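Shown next: upload_31.cif, containing mmCIF, C-alpha atoms and all ligand atoms.
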data_structure
#
loop_
_atom_site.label_atom_id
_atom_site.label_comp_id
_atom_site.auth_asym_id
_atom_site.auth_seq_id
_atom_site.Cartn_x
_atom_site.Cartn_y
_atom_site.Cartn_z
CA MET A 1 63.66 -112.80 119.77
CA ILE A 2 64.00 -110.01 117.23
CA TYR A 3 60.71 -109.46 115.46
CA ILE A 4 60.23 -107.80 112.13
CA ALA A 5 57.13 -106.80 110.19
CA VAL A 6 56.75 -106.63 106.43
CA MET A 7 54.29 -104.06 105.04
CA GLY A 8 53.17 -105.14 101.55
CA TYR A 9 53.14 -108.63 100.08
CA GLY A 10 53.69 -107.87 96.40
CA THR A 11 56.75 -108.87 94.39
CA VAL A 12 59.27 -107.46 96.87
CA GLY A 13 57.40 -108.36 100.08
CA SER A 14 56.95 -112.00 99.06
CA GLY A 15 60.64 -112.04 98.07
CA VAL A 16 61.61 -110.73 101.53
CA ALA A 17 59.72 -113.60 103.22
CA GLU A 18 61.16 -116.15 100.78
CA VAL A 19 64.79 -115.04 101.19
CA PHE A 20 64.42 -114.58 104.95
CA TYR A 21 63.18 -118.12 105.57
CA LYS A 22 65.56 -119.65 103.03
CA ASN A 23 68.64 -118.04 104.60
CA ARG A 24 67.38 -117.51 108.13
CA GLU A 25 70.24 -119.34 109.79
CA SER A 26 73.00 -117.35 108.09
CA ILE A 27 71.05 -114.10 108.55
CA GLN A 28 70.80 -114.79 112.29
CA ARG A 29 74.53 -115.53 112.38
CA LYS A 30 75.16 -112.04 110.98
CA ILE A 31 73.35 -110.45 113.90
CA GLY A 32 75.34 -112.37 116.51
CA ASN A 33 73.27 -115.58 116.46
CA LYS A 34 70.19 -113.84 117.84
CA PRO A 35 66.88 -115.50 116.88
CA MET A 36 64.83 -113.44 114.45
CA ASP A 37 61.39 -113.92 112.91
CA ILE A 38 58.76 -112.17 110.81
CA LYS A 39 55.82 -111.54 113.14
CA TYR A 40 53.43 -109.72 110.80
CA ILE A 41 52.84 -109.24 107.10
CA LEU A 42 50.53 -106.32 106.32
CA ASP A 43 48.37 -106.58 103.20
CA LEU A 44 44.73 -105.87 102.44
CA ARG A 45 44.47 -108.96 100.27
CA ASP A 46 43.90 -112.53 101.52
CA PHE A 47 46.54 -115.21 101.10
CA PRO A 48 44.91 -118.32 102.64
CA ASP A 49 47.29 -120.73 100.88
CA SER A 50 50.47 -118.90 101.84
CA PRO A 51 52.91 -120.73 104.13
CA TYR A 52 52.84 -117.53 106.21
CA ALA A 53 49.02 -117.34 106.40
CA ASP A 54 49.07 -116.94 110.21
CA LYS A 55 51.22 -113.79 109.98
CA PHE A 56 48.92 -111.70 107.81
CA THR A 57 47.13 -108.66 109.19
CA LYS A 58 45.11 -105.95 107.49
CA ASP A 59 45.47 -103.56 110.41
CA PHE A 60 48.55 -101.32 110.44
CA ASN A 61 47.98 -100.37 114.09
CA VAL A 62 48.71 -103.95 115.16
CA ILE A 63 52.28 -103.39 113.92
CA ALA A 64 52.65 -99.80 115.11
CA ASN A 65 51.45 -100.62 118.63
CA ASP A 66 53.35 -103.88 119.14
CA PRO A 67 56.44 -103.11 121.24
CA ASP A 68 57.98 -106.45 120.16
CA ILE A 69 58.52 -105.17 116.61
CA ASP A 70 62.05 -103.76 116.21
CA VAL A 71 62.29 -103.30 112.44
CA VAL A 72 59.62 -102.74 109.80
CA ALA A 73 60.17 -103.34 106.06
CA GLU A 74 57.99 -100.98 104.01
CA VAL A 75 57.69 -102.57 100.57
CA MET A 76 54.22 -101.34 99.58
CA GLY A 77 55.36 -98.66 97.14
CA GLY A 78 53.61 -95.35 96.43
CA LEU A 79 53.51 -92.24 98.61
CA GLU A 80 50.47 -92.94 100.76
CA PRO A 81 49.86 -94.68 103.04
CA ALA A 82 53.59 -95.57 102.88
CA PHE A 83 54.68 -92.16 104.20
CA THR A 84 52.22 -92.09 107.11
CA TYR A 85 52.97 -95.69 108.09
CA THR A 86 56.74 -95.13 107.90
CA LYS A 87 56.58 -91.93 109.93
CA THR A 88 54.38 -93.59 112.55
CA CYS A 89 56.71 -96.58 112.89
CA LEU A 90 59.74 -94.29 113.30
CA GLU A 91 57.89 -92.24 115.92
CA HIS A 92 57.05 -95.49 117.73
CA GLY A 93 60.77 -96.26 118.00
CA LYS A 94 60.96 -98.82 115.17
CA SER A 95 63.60 -98.66 112.46
CA VAL A 96 62.18 -98.75 108.94
CA VAL A 97 63.82 -100.13 105.81
CA THR A 98 62.24 -99.50 102.43
CA SER A 99 62.50 -100.31 98.73
CA ASN A 100 60.18 -97.40 97.94
CA LYS A 101 62.03 -94.92 95.70
CA GLU A 102 58.99 -92.68 95.29
CA LEU A 103 58.87 -92.23 99.05
CA VAL A 104 62.60 -91.58 99.47
CA ALA A 105 62.81 -89.23 96.46
CA ALA A 106 59.86 -87.16 97.73
CA ARG A 107 60.23 -87.26 101.54
CA GLY A 108 63.63 -88.84 102.25
CA ALA A 109 65.22 -85.89 104.11
CA GLU A 110 62.15 -85.54 106.33
CA LEU A 111 62.03 -89.25 107.22
CA LEU A 112 65.78 -89.33 107.95
CA GLU A 113 65.28 -86.41 110.32
CA ILE A 114 62.34 -88.13 112.07
CA ALA A 115 64.45 -91.29 112.41
CA ARG A 116 67.30 -89.30 113.94
CA ARG A 117 64.99 -87.57 116.43
CA ASN A 118 63.66 -90.96 117.54
CA ASN A 119 67.08 -92.59 117.65
CA VAL A 120 66.17 -95.25 115.09
CA ASN A 121 67.23 -95.84 111.50
CA PHE A 122 65.65 -95.26 108.11
CA PHE A 123 67.48 -97.31 105.47
CA PHE A 124 66.71 -97.55 101.73
CA GLU A 125 69.39 -99.60 99.98
CA ALA A 126 66.72 -101.40 97.92
CA SER A 127 65.32 -98.14 96.53
CA VAL A 128 68.11 -97.79 93.94
CA GLY A 129 69.74 -100.52 91.88
CA GLY A 130 67.73 -103.48 93.22
CA GLY A 131 70.29 -105.92 94.59
CA ILE A 132 73.32 -103.70 93.86
CA PRO A 133 74.90 -102.14 96.94
CA ILE A 134 75.02 -98.42 96.05
CA ILE A 135 73.53 -96.38 98.90
CA ARG A 136 75.90 -97.73 101.54
CA PRO A 137 79.01 -97.41 99.32
CA LEU A 138 78.07 -93.81 98.50
CA HIS A 139 77.83 -92.59 102.08
CA SER A 140 80.27 -94.99 103.67
CA SER A 141 82.91 -96.66 101.48
CA LEU A 142 83.35 -93.55 99.30
CA ALA A 143 83.13 -91.12 102.23
CA ALA A 144 86.60 -89.68 101.52
CA ASN A 145 85.49 -88.37 98.11
CA GLU A 146 83.66 -85.39 96.81
CA ILE A 147 81.35 -86.98 94.26
CA ASP A 148 81.64 -85.04 90.99
CA GLU A 149 79.19 -86.98 88.89
CA ILE A 150 76.91 -90.02 88.83
CA ALA A 151 75.52 -91.64 85.69
CA GLY A 152 73.61 -94.85 85.52
CA ILE A 153 71.30 -97.29 83.90
CA LEU A 154 68.86 -97.19 86.79
CA ASN A 155 65.76 -98.89 85.45
CA GLY A 156 65.78 -102.61 84.75
CA THR A 157 62.54 -102.66 82.77
CA THR A 158 63.60 -100.10 80.17
CA ASN A 159 67.04 -101.67 79.92
CA PHE A 160 65.38 -105.04 79.32
CA ILE A 161 63.14 -103.50 76.62
CA LEU A 162 66.04 -101.69 74.91
CA THR A 163 68.15 -104.85 75.02
CA LYS A 164 65.35 -106.80 73.32
CA MET A 165 65.08 -104.05 70.68
CA ILE A 166 68.85 -104.00 70.11
CA LYS A 167 69.60 -107.72 70.17
CA GLU A 168 66.38 -109.31 68.91
CA GLN A 169 64.68 -106.50 66.98
CA MET A 170 61.68 -107.07 69.25
CA GLY A 171 58.94 -104.44 69.18
CA PHE A 172 58.46 -102.14 72.16
CA ASP A 173 55.02 -103.50 73.19
CA ASP A 174 56.08 -107.16 73.15
CA ALA A 175 59.21 -106.41 75.15
CA LEU A 176 57.22 -104.43 77.73
CA ALA A 177 54.65 -107.24 78.08
CA LEU A 178 57.50 -109.70 78.67
CA ALA A 179 59.09 -107.43 81.31
CA GLN A 180 55.74 -107.19 83.10
CA LYS A 181 55.28 -110.96 82.98
CA LEU A 182 58.70 -111.41 84.57
CA GLY A 183 57.77 -109.03 87.39
CA TYR A 184 60.25 -106.25 86.53
CA ALA A 185 57.87 -103.46 85.58
CA GLU A 186 56.12 -101.12 88.01
CA ARG A 187 52.36 -101.56 88.40
CA ASN A 188 51.95 -98.56 86.15
CA PRO A 189 54.51 -99.11 83.34
CA SER A 190 54.58 -95.37 82.65
CA ALA A 191 56.85 -95.01 85.71
CA ASP A 192 59.37 -97.19 83.89
CA VAL A 193 59.01 -96.31 80.20
CA ASP A 194 58.56 -92.56 80.72
CA GLY A 195 61.66 -92.33 82.90
CA HIS A 196 60.01 -91.37 86.24
CA ASP A 197 61.43 -94.36 88.10
CA ALA A 198 64.97 -93.61 86.88
CA CYS A 199 64.39 -89.95 87.78
CA ARG A 200 63.47 -90.82 91.39
CA LYS A 201 66.56 -92.98 91.65
CA ILE A 202 68.96 -90.34 90.33
CA CYS A 203 67.33 -87.89 92.78
CA ILE A 204 68.12 -90.21 95.70
CA LEU A 205 71.72 -90.70 94.54
CA ALA A 206 72.18 -86.97 93.91
CA SER A 207 70.66 -85.98 97.26
CA LEU A 208 73.01 -88.33 99.08
CA SER A 209 76.05 -87.31 97.01
CA PHE A 210 75.55 -83.56 96.97
CA GLY A 211 73.94 -83.08 100.40
CA ARG A 212 70.78 -81.30 99.18
CA HIS A 213 67.34 -82.74 98.55
CA ILE A 214 66.93 -82.96 94.78
CA TYR A 215 63.28 -83.04 93.74
CA PRO A 216 62.16 -85.21 90.78
CA GLU A 217 59.94 -82.44 89.39
CA PHE A 218 62.97 -80.24 88.65
CA ILE A 219 64.77 -82.85 86.57
CA HIS A 220 64.17 -82.91 82.82
CA THR A 221 63.00 -86.47 82.15
CA GLU A 222 62.49 -88.29 78.87
CA GLY A 223 61.56 -91.97 78.54
CA ILE A 224 62.08 -94.53 75.80
CA ARG A 225 58.70 -94.55 74.04
CA SER A 226 60.04 -92.58 71.07
CA VAL A 227 63.16 -94.72 70.54
CA THR A 228 62.76 -96.68 67.30
CA LEU A 229 64.54 -99.60 65.66
CA GLU A 230 65.85 -97.06 63.11
CA ASP A 231 67.61 -95.13 65.90
CA VAL A 232 68.97 -98.41 67.28
CA ALA A 233 70.45 -99.18 63.82
CA TYR A 234 72.07 -95.73 63.53
CA ALA A 235 73.55 -96.11 67.02
CA GLU A 236 75.07 -99.41 65.95
CA ASN A 237 76.57 -97.74 62.85
CA TRP A 238 78.02 -94.99 65.09
CA GLY A 239 79.62 -97.64 67.32
CA GLY A 240 77.32 -97.90 70.31
CA VAL A 241 73.91 -98.59 71.78
CA ILE A 242 70.96 -96.63 73.14
CA LYS A 243 70.56 -96.69 76.92
CA LEU A 244 68.27 -94.80 79.29
CA ILE A 245 70.71 -92.80 81.41
CA GLY A 246 70.02 -90.93 84.64
CA ARG A 247 72.81 -88.48 85.39
CA ALA A 248 73.69 -85.77 87.88
CA LYS A 249 76.76 -83.57 87.94
CA ARG A 250 78.04 -81.17 90.57
CA VAL A 251 78.51 -77.69 89.09
CA SER A 252 79.27 -75.51 92.12
CA GLU A 253 82.00 -76.60 94.54
CA ASP A 254 79.62 -77.02 97.49
CA GLY A 255 77.12 -79.12 95.51
CA GLY A 256 74.57 -76.30 95.72
CA LYS A 257 74.05 -76.28 91.95
CA ILE A 258 73.89 -79.37 89.77
CA TYR A 259 72.99 -80.49 86.28
CA ALA A 260 70.73 -83.52 86.12
CA MET A 261 68.73 -85.25 83.43
CA VAL A 262 67.11 -88.55 82.52
CA SER A 263 67.03 -89.42 78.83
CA PRO A 264 67.83 -92.13 76.32
CA ALA A 265 71.30 -91.58 74.88
CA PHE A 266 73.94 -93.00 72.57
CA ILE A 267 76.61 -94.78 74.62
CA SER A 268 79.79 -95.98 72.91
CA HIS A 269 80.70 -99.67 72.89
CA ASP A 270 83.89 -98.53 74.70
CA SER A 271 81.88 -97.50 77.77
CA GLN A 272 81.29 -100.01 80.55
CA LEU A 273 77.66 -98.90 80.60
CA SER A 274 77.14 -100.13 77.02
CA SER A 275 77.43 -103.77 78.04
CA VAL A 276 74.91 -103.49 80.89
CA ASP A 277 72.07 -105.50 79.35
CA ASP A 278 68.69 -107.00 80.18
CA VAL A 279 67.37 -106.23 83.65
CA PHE A 280 70.84 -105.34 84.93
CA ASN A 281 71.68 -101.85 86.18
CA GLY A 282 75.07 -100.16 86.01
CA ILE A 283 75.95 -97.08 88.04
CA LEU A 284 79.10 -95.05 87.46
CA VAL A 285 80.23 -92.86 90.35
CA ARG A 286 82.97 -90.32 89.65
CA GLY A 287 84.79 -89.50 92.91
CA ASP A 288 87.53 -86.86 93.12
CA ALA A 289 89.89 -89.34 94.80
CA THR A 290 88.81 -92.68 93.33
CA GLY A 291 88.06 -91.63 89.76
CA ASP A 292 85.34 -93.78 88.20
CA VAL A 293 83.83 -96.64 90.20
CA VAL A 294 81.18 -98.76 88.49
CA PHE A 295 78.52 -100.80 90.29
CA TYR A 296 76.79 -103.58 88.37
CA GLY A 297 74.10 -106.12 89.15
CA LYS A 298 70.41 -107.00 88.90
CA GLY A 299 68.49 -103.77 89.25
CA ALA A 300 65.00 -105.22 89.53
CA GLY A 301 63.20 -108.41 90.41
CA LYS A 302 61.89 -110.14 93.48
CA LEU A 303 64.95 -111.77 95.00
CA PRO A 304 67.67 -109.16 94.22
CA THR A 305 65.50 -106.40 95.73
CA ALA A 306 64.62 -108.60 98.72
CA SER A 307 68.35 -109.14 99.24
CA ALA A 308 68.88 -105.39 99.69
CA VAL A 309 65.85 -105.08 102.00
CA ILE A 310 67.14 -107.87 104.25
CA ALA A 311 70.65 -106.41 104.30
CA ASP A 312 69.10 -103.20 105.65
CA ILE A 313 67.13 -105.20 108.25
CA VAL A 314 70.38 -106.81 109.39
CA ASP A 315 72.08 -103.41 109.63
CA ALA A 316 69.13 -101.89 111.47
CA VAL A 317 69.25 -104.71 114.02
CA LYS A 318 73.03 -104.31 114.44
CA ALA A 319 72.99 -100.50 114.65
CA THR A 320 73.38 -99.18 118.13
CA SER A 321 72.52 -95.59 117.15
CA THR A 322 71.41 -93.75 114.03
CA SER A 323 73.65 -93.61 110.99
CA LYS A 324 75.18 -90.13 110.91
CA SER A 325 76.46 -90.25 107.33
CA LEU A 326 73.10 -91.10 105.78
CA GLN A 327 71.58 -87.63 105.51
CA TRP A 328 71.02 -84.53 103.41
CA LYS A 329 69.41 -81.12 103.84
CA ASP A 330 66.02 -80.17 102.50
CA ASP A 331 65.87 -76.38 102.14
CA GLY A 332 62.86 -76.55 99.80
CA LYS A 333 64.86 -74.94 96.97
CA ASN A 334 65.57 -76.13 93.45
CA HIS A 335 69.28 -76.91 93.03
CA VAL A 336 69.03 -78.18 89.46
CA LEU A 337 70.19 -75.78 86.74
CA ASP A 338 68.22 -75.28 83.51
CA TYR A 339 68.98 -78.34 81.36
CA LYS A 340 68.98 -76.17 78.23
CA GLN A 341 72.40 -74.86 79.32
CA GLN A 342 73.81 -78.38 79.61
CA SER A 343 76.22 -79.47 76.85
CA SER A 344 76.68 -82.74 75.01
CA SER A 345 77.01 -84.07 71.49
CA PHE A 346 73.76 -84.86 69.70
CA TYR A 347 72.38 -87.48 67.32
CA LEU A 348 69.77 -86.17 64.88
CA ARG A 349 67.68 -88.13 62.40
CA MET A 350 66.05 -85.99 59.73
CA GLN A 351 63.91 -86.22 56.66
CA GLY A 352 64.97 -84.08 53.73
CA SER A 353 66.78 -83.83 50.41
CA ILE A 354 70.52 -83.93 49.73
CA ASP A 355 70.48 -80.11 50.10
CA CYS A 356 69.53 -80.62 53.74
CA VAL A 357 72.63 -82.73 54.31
CA GLN A 358 74.80 -79.95 52.84
CA LYS A 359 73.00 -77.36 54.94
CA ALA A 360 73.42 -79.50 58.10
CA LYS A 361 77.18 -79.44 57.51
CA GLU A 362 77.14 -75.63 57.23
CA ILE A 363 74.98 -75.11 60.31
CA PHE A 364 76.35 -77.76 62.67
CA GLY A 365 79.99 -77.80 61.53
CA GLU A 366 81.87 -81.08 61.79
CA ILE A 367 79.09 -83.69 61.62
CA LYS A 368 79.50 -87.44 61.33
CA LEU A 369 76.97 -88.92 58.89
CA LEU A 370 75.49 -92.29 59.86
CA HIS A 371 73.95 -95.06 57.77
CA ARG A 372 71.63 -98.00 58.28
CA PRO A 373 70.34 -100.91 56.18
CA GLY A 374 67.18 -99.94 54.31
CA GLN A 375 67.78 -96.21 54.79
CA PRO A 376 65.28 -94.29 52.62
CA ASN A 377 66.67 -91.73 50.16
CA ASP A 378 65.09 -88.85 52.00
CA GLU A 379 66.35 -89.82 55.47
CA PHE A 380 69.70 -88.81 56.92
CA ALA A 381 71.22 -89.04 60.37
CA PHE A 382 74.31 -87.56 61.93
CA VAL A 383 76.14 -86.87 65.16
CA ALA A 384 76.84 -83.19 65.79
CA PRO A 385 79.68 -81.84 67.96
CA CYS A 386 79.36 -80.79 71.60
CA MET A 387 77.10 -77.78 72.23
CA THR A 388 74.39 -76.66 74.64
CA GLU A 389 70.82 -77.89 74.28
CA THR A 390 69.81 -74.33 73.37
CA ALA A 391 72.39 -74.12 70.57
CA MET A 392 71.26 -77.51 69.22
CA ASP A 393 67.60 -76.39 69.25
CA GLU A 394 68.50 -73.21 67.33
CA LYS A 395 70.53 -75.05 64.72
CA SER A 396 67.87 -77.72 64.26
CA ALA A 397 65.25 -74.97 63.85
CA GLN A 398 67.40 -73.37 61.10
CA LEU A 399 67.48 -76.70 59.27
CA GLN A 400 63.73 -77.13 59.65
CA GLN A 401 63.16 -73.66 58.17
CA ILE A 402 64.56 -74.89 54.86
CA GLY A 403 62.22 -77.90 54.80
CA CYS A 404 64.12 -80.62 56.68
CA ARG A 405 62.01 -82.43 59.28
CA GLN A 406 63.51 -83.58 62.59
CA LEU A 407 62.47 -87.20 63.21
CA ALA A 408 64.57 -87.97 66.27
CA MET A 409 67.08 -86.38 68.63
CA LEU A 410 69.17 -88.13 71.26
CA ARG A 411 72.15 -87.05 73.37
CA VAL A 412 75.53 -88.68 72.76
CA LEU A 413 77.23 -89.18 76.12
CA ASP A 414 80.85 -90.06 76.83
CA TYR A 415 80.83 -92.06 80.08
N1 LIG B 501 60.50 -101.13 87.84
C1 LIG B 501 61.80 -101.01 88.43
C2 LIG B 501 62.84 -101.31 87.39
C3 LIG B 501 61.91 -101.95 89.59
O1 LIG B 501 62.48 -101.86 86.34
O2 LIG B 501 64.01 -100.98 87.56
C4 LIG B 501 63.12 -101.74 90.42
O3 LIG B 501 63.15 -100.47 91.01
#
Take the structure in the file and give it back as structure tokens.
Ligand code: HSE
Amino acid sequence: MIYIAVMGYGTVGSGVAEVFYKNRESIQRKIGNKPMDIKYILDLRDFPDSPYADKFTKDFNVIANDPDIDVVAEVMGGLEPAFTYTKTCLEHGKSVVTSNKELVAARGAELLEIARRNNVNFFFEASVGGGIPIIRPLHSSLAANEIDEIAGILNGTTNFILTKMIKEQMGFDDALALAQKLGYAERNPSADVDGHDACRKICILASLSFGRHIYPEFIHTEGIRSVTLEDVAYAENWGGVIKLIGRAKRVSEDGGKIYAMVSPAFISHDSQLSSVDDVFNGILVRGDATGDVVFYGKGAGKLPTASAVIADIVDAVKATSTSKSLQWKDDGKNHVLDYKQQSSSFYLRMQGSIDCVQKAKEIFGEIKLLHRPGQPNDEFAFVAPCMTETAMDEKSAQLQQIGCRQLAMLRVLDY
């Protein structure tokens, strides 16, 4: 019998048990018809009415010290005790699979190294893109490529909120409450709406693609709190939508220097990313041999995430040695270049007189003026041509010196 343990019985953990017992027969077929069962579920809370009530334990050491346990699913979230538990399991010769992006983004290289030393596996397909296969394709199916760039809608909650704002004119707070009710949002919604969750995910994808550990704290990150229905209307007039995009781009040949950022942005209706709605995620990977490859699917939620966790369990059971392609170096250095030197087009919404519009044309050059229903006389919005963030700041400051007030600024991206 192959025994697994599940650490954490929240949204993802309960989904893992549900999917495992629902599809147990076909899952066992995929590991060569070997019998498999969940032996323990670790959680500090009591679940007396659960169908798995006999499996619950509050004591991590029961799992760590049980030689019967082959694979552990860490689905608790957060850095501690997740890191200590994961490390201990790996050192006790158990493979660990996780959905915990915070853990992988902060300590992934270290845990992969510990797994390698102990000849077990550390898998994290569920940490990015929920049910979408993206980690395995990146290091396996696309192995022939140098990855030049990755850009994605990586957070289901914010995409759900923005979709409600765009399609139903729903207010931000109502849309967030609905996302939480449906189980998409993190326990602390700031991780979603302020972009930290998307930042961790782009770090994991960038680390894997460029071979260096990319730390979240070095990536300029903006969330969606300041996006308004006015900006949504101007984006529509421009010919697109607003999406929260996490992106990373190789600058030096060896991947030693990259640009990376998380921010809301205008995305044209022509882009495949523009039609990624609701809780879905879309991830565009630009390989030097394949060109663009786009991955699409449910990026959050109980069952899609559980699907990725169980796929990792199956692979961990099947693996006869550690995966060599799933790795990157952690040299403790920052490989992310100053975002102020990064270039894009920009959308600006300003308050000011007709003189300001004339002045904007002089300062920014070829601008495209935008319009929206109910636009006040003293509001104007435009898309400015491609320039660095620094150049845009300087030009905006010049406009503000003559009495125009900047109300909003968003990047205009061309994926
Ligand atoms: N809160 C996350 C999201 C869950 O909305 O995408 C999946 O990582």
### Message
Please identify all protein, DNA and RNA residues within 10 Å of ligand LIG 501 (chain B), counting only C-alpha atoms and all ligand atoms, and report them as a PyMOL selection string.
### Response
chain A and resi 11-12+99-102+126-131+153-161+179-180+183-193+196-198+200-201+279-281+298-302+304-305
Restricted to C-alpha atoms, what would the selected residues look like written as a PDB file, in the frame of the given file?
ATOM      1  CA  THR A  11      56.750-108.870  94.390  1.00  0.00           C
ATOM      2  CA  VAL A  12      59.270-107.460  96.870  1.00  0.00           C
ATOM      3  CA  SER A  99      62.500-100.310  98.730  1.00  0.00           C
ATOM      4  CA  ASN A 100      60.180 -97.400  97.940  1.00  0.00           C
ATOM      5  CA  LYS A 101      62.030 -94.920  95.700  1.00  0.00           C
ATOM      6  CA  GLU A 102      58.990 -92.680  95.290  1.00  0.00           C
ATOM      7  CA  ALA A 126      66.720-101.400  97.920  1.00  0.00           C
ATOM      8  CA  SER A 127      65.320 -98.140  96.530  1.00  0.00           C
ATOM      9  CA  VAL A 128      68.110 -97.790  93.940  1.00  0.00           C
ATOM     10  CA  GLY A 129      69.740-100.520  91.880  1.00  0.00           C
ATOM     11  CA  GLY A 130      67.730-103.480  93.220  1.00  0.00           C
ATOM     12  CA  GLY A 131      70.290-105.920  94.590  1.00  0.00           C
ATOM     13  CA  ILE A 153      71.300 -97.290  83.900  1.00  0.00           C
ATOM     14  CA  LEU A 154      68.860 -97.190  86.790  1.00  0.00           C
ATOM     15  CA  ASN A 155      65.760 -98.890  85.450  1.00  0.00           C
ATOM     16  CA  GLY A 156      65.780-102.610  84.750  1.00  0.00           C
ATOM     17  CA  THR A 157      62.540-102.660  82.770  1.00  0.00           C
ATOM     18  CA  THR A 158      63.600-100.100  80.170  1.00  0.00           C
ATOM     19  CA  ASN A 159      67.040-101.670  79.920  1.00  0.00           C
ATOM     20  CA  PHE A 160      65.380-105.040  79.320  1.00  0.00           C
ATOM     21  CA  ILE A 161      63.140-103.500  76.620  1.00  0.00           C
ATOM     22  CA  ALA A 179      59.090-107.430  81.310  1.00  0.00           C
ATOM     23  CA  GLN A 180      55.740-107.190  83.100  1.00  0.00           C
ATOM     24  CA  GLY A 183      57.770-109.030  87.390  1.00  0.00           C
ATOM     25  CA  TYR A 184      60.250-106.250  86.530  1.00  0.00           C
ATOM     26  CA  ALA A 185      57.870-103.460  85.580  1.00  0.00           C
ATOM     27  CA  GLU A 186      56.120-101.120  88.010  1.00  0.00           C
ATOM     28  CA  ARG A 187      52.360-101.560  88.400  1.00  0.00           C
ATOM     29  CA  ASN A 188      51.950 -98.560  86.150  1.00  0.00           C
ATOM     30  CA  PRO A 189      54.510 -99.110  83.340  1.00  0.00           C
ATOM     31  CA  SER A 190      54.580 -95.370  82.650  1.00  0.00           C
ATOM     32  CA  ALA A 191      56.850 -95.010  85.710  1.00  0.00           C
ATOM     33  CA  ASP A 192      59.370 -97.190  83.890  1.00  0.00           C
ATOM     34  CA  VAL A 193      59.010 -96.310  80.200  1.00  0.00           C
ATOM     35  CA  HIS A 196      60.010 -91.370  86.240  1.00  0.00           C
ATOM     36  CA  ASP A 197      61.430 -94.360  88.100  1.00  0.00           C
ATOM     37  CA  ALA A 198      64.970 -93.610  86.880  1.00  0.00           C
ATOM     38  CA  ARG A 200      63.470 -90.820  91.390  1.00  0.00           C
ATOM     39  CA  LYS A 201      66.560 -92.980  91.650  1.00  0.00           C
ATOM     40  CA  VAL A 279      67.370-106.230  83.650  1.00  0.00           C
ATOM     41  CA  PHE A 280      70.840-105.340  84.930  1.00  0.00           C
ATOM     42  CA  ASN A 281      71.680-101.850  86.180  1.00  0.00           C
ATOM     43  CA  LYS A 298      70.410-107.000  88.900  1.00  0.00           C
ATOM     44  CA  GLY A 299      68.490-103.770  89.250  1.00  0.00           C
ATOM     45  CA  ALA A 300      65.000-105.220  89.530  1.00  0.00           C
ATOM     46  CA  GLY A 301      63.200-108.410  90.410  1.00  0.00           C
ATOM     47  CA  LYS A 302      61.890-110.140  93.480  1.00  0.00           C
ATOM     48  CA  PRO A 304      67.670-109.160  94.220  1.00  0.00           C
ATOM     49  CA  THR A 305      65.500-106.400  95.730  1.00  0.00           C
TER      50      THR A 305
END
### Neighbour list for Asn334 of chain A as a PyMOL selection string, cut-off 10 Å, all atoms listed in the file, skip fewer than 3 positions in-chain
chain A and resi 212-215+217-219+256-258+330-331+337
### Between atom CA of Tyr415 of chain A and atom CA of Ser271 of chain A, distance in Å (one decimal)
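Spanning atom CA of Tyr415 of chain A to atom CA of Ser271 of chain A is a straight-line distance of 6.0 Å.
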### Message
Please return as an MDAnalysis selection string every residue within 6 Å of (74.6, -89.0, 100.9), taking into account all atoms listed in the file and the file's own coordinates.
### Response
chainID A and resid 139 208:209 211 326:327
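Atom pair atom CA of Glu236 of chain A / atom CA of Ala175 of chain A has a distance of 19.6 Å (rounded to one decimal).
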#### Entry: Residue nearest Ala308 of chain A - candidates A:Val412, A:Val62, A:Val75, A:Met7, atoms counted: all atoms listed in the file
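With all atoms listed in the file as the atom set, the closest residue is A:Val75.
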### Task
Work out how far apart atom CA of Val96 of chain A and atom CA of Ser307 of chain A are and give it in Å to one decimal.
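Atom-to-atom, atom CA of Val96 of chain A to atom CA of Ser307 of chain A, that is 15.5 Å.
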### Message
Just checking: using only C-alpha atoms, which residue out of A:Ala5, A:Leu244, A:Val16, A:Ala260 ends up closest to Asn65 of chain A?
### Response
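Among the listed residues, the smallest separation from Asn65 of chain A belongs to A:Ala5.
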Just add N, CA, C and O atoms to segment 268-272 of chain A and send it as a PDB file, in the coordinates of the input.
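Here's the written file selection12.pdb:
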ATOM      1  N   SER A 268      78.818 -95.261  73.729  1.00  0.00           N
ATOM      2  CA  SER A 268      79.790 -95.980  72.910  1.00  0.00           C
ATOM      3  C   SER A 268      80.032 -97.398  73.426  1.00  0.00           C
ATOM      4  O   SER A 268      79.975 -97.643  74.640  1.00  0.00           O
ATOM      5  N   HIS A 269      80.344 -98.296  72.493  1.00  0.00           N
ATOM      6  CA  HIS A 269      80.700 -99.670  72.890  1.00  0.00           C
ATOM      7  C   HIS A 269      81.909 -99.676  73.819  1.00  0.00           C
ATOM      8  O   HIS A 269      82.132-100.654  74.535  1.00  0.00           O
ATOM      9  N   ASP A 270      82.712 -98.600  73.815  1.00  0.00           N
ATOM     10  CA  ASP A 270      83.890 -98.530  74.700  1.00  0.00           C
ATOM     11  C   ASP A 270      83.509 -98.300  76.162  1.00  0.00           C
ATOM     12  O   ASP A 270      84.316 -98.519  77.058  1.00  0.00           O
ATOM     13  N   SER A 271      82.298 -97.801  76.397  1.00  0.00           N
ATOM     14  CA  SER A 271      81.880 -97.500  77.770  1.00  0.00           C
ATOM     15  C   SER A 271      81.430 -98.773  78.491  1.00  0.00           C
ATOM     16  O   SER A 271      80.779 -99.636  77.903  1.00  0.00           O
ATOM     17  N   GLN A 272      81.753 -98.849  79.772  1.00  0.00           N
ATOM     18  CA  GLN A 272      81.290-100.010  80.550  1.00  0.00           C
ATOM     19  C   GLN A 272      79.766-100.077  80.608  1.00  0.00           C
ATOM     20  O   GLN A 272      79.190-101.151  80.726  1.00  0.00           O
TER      21      GLN A 272
END
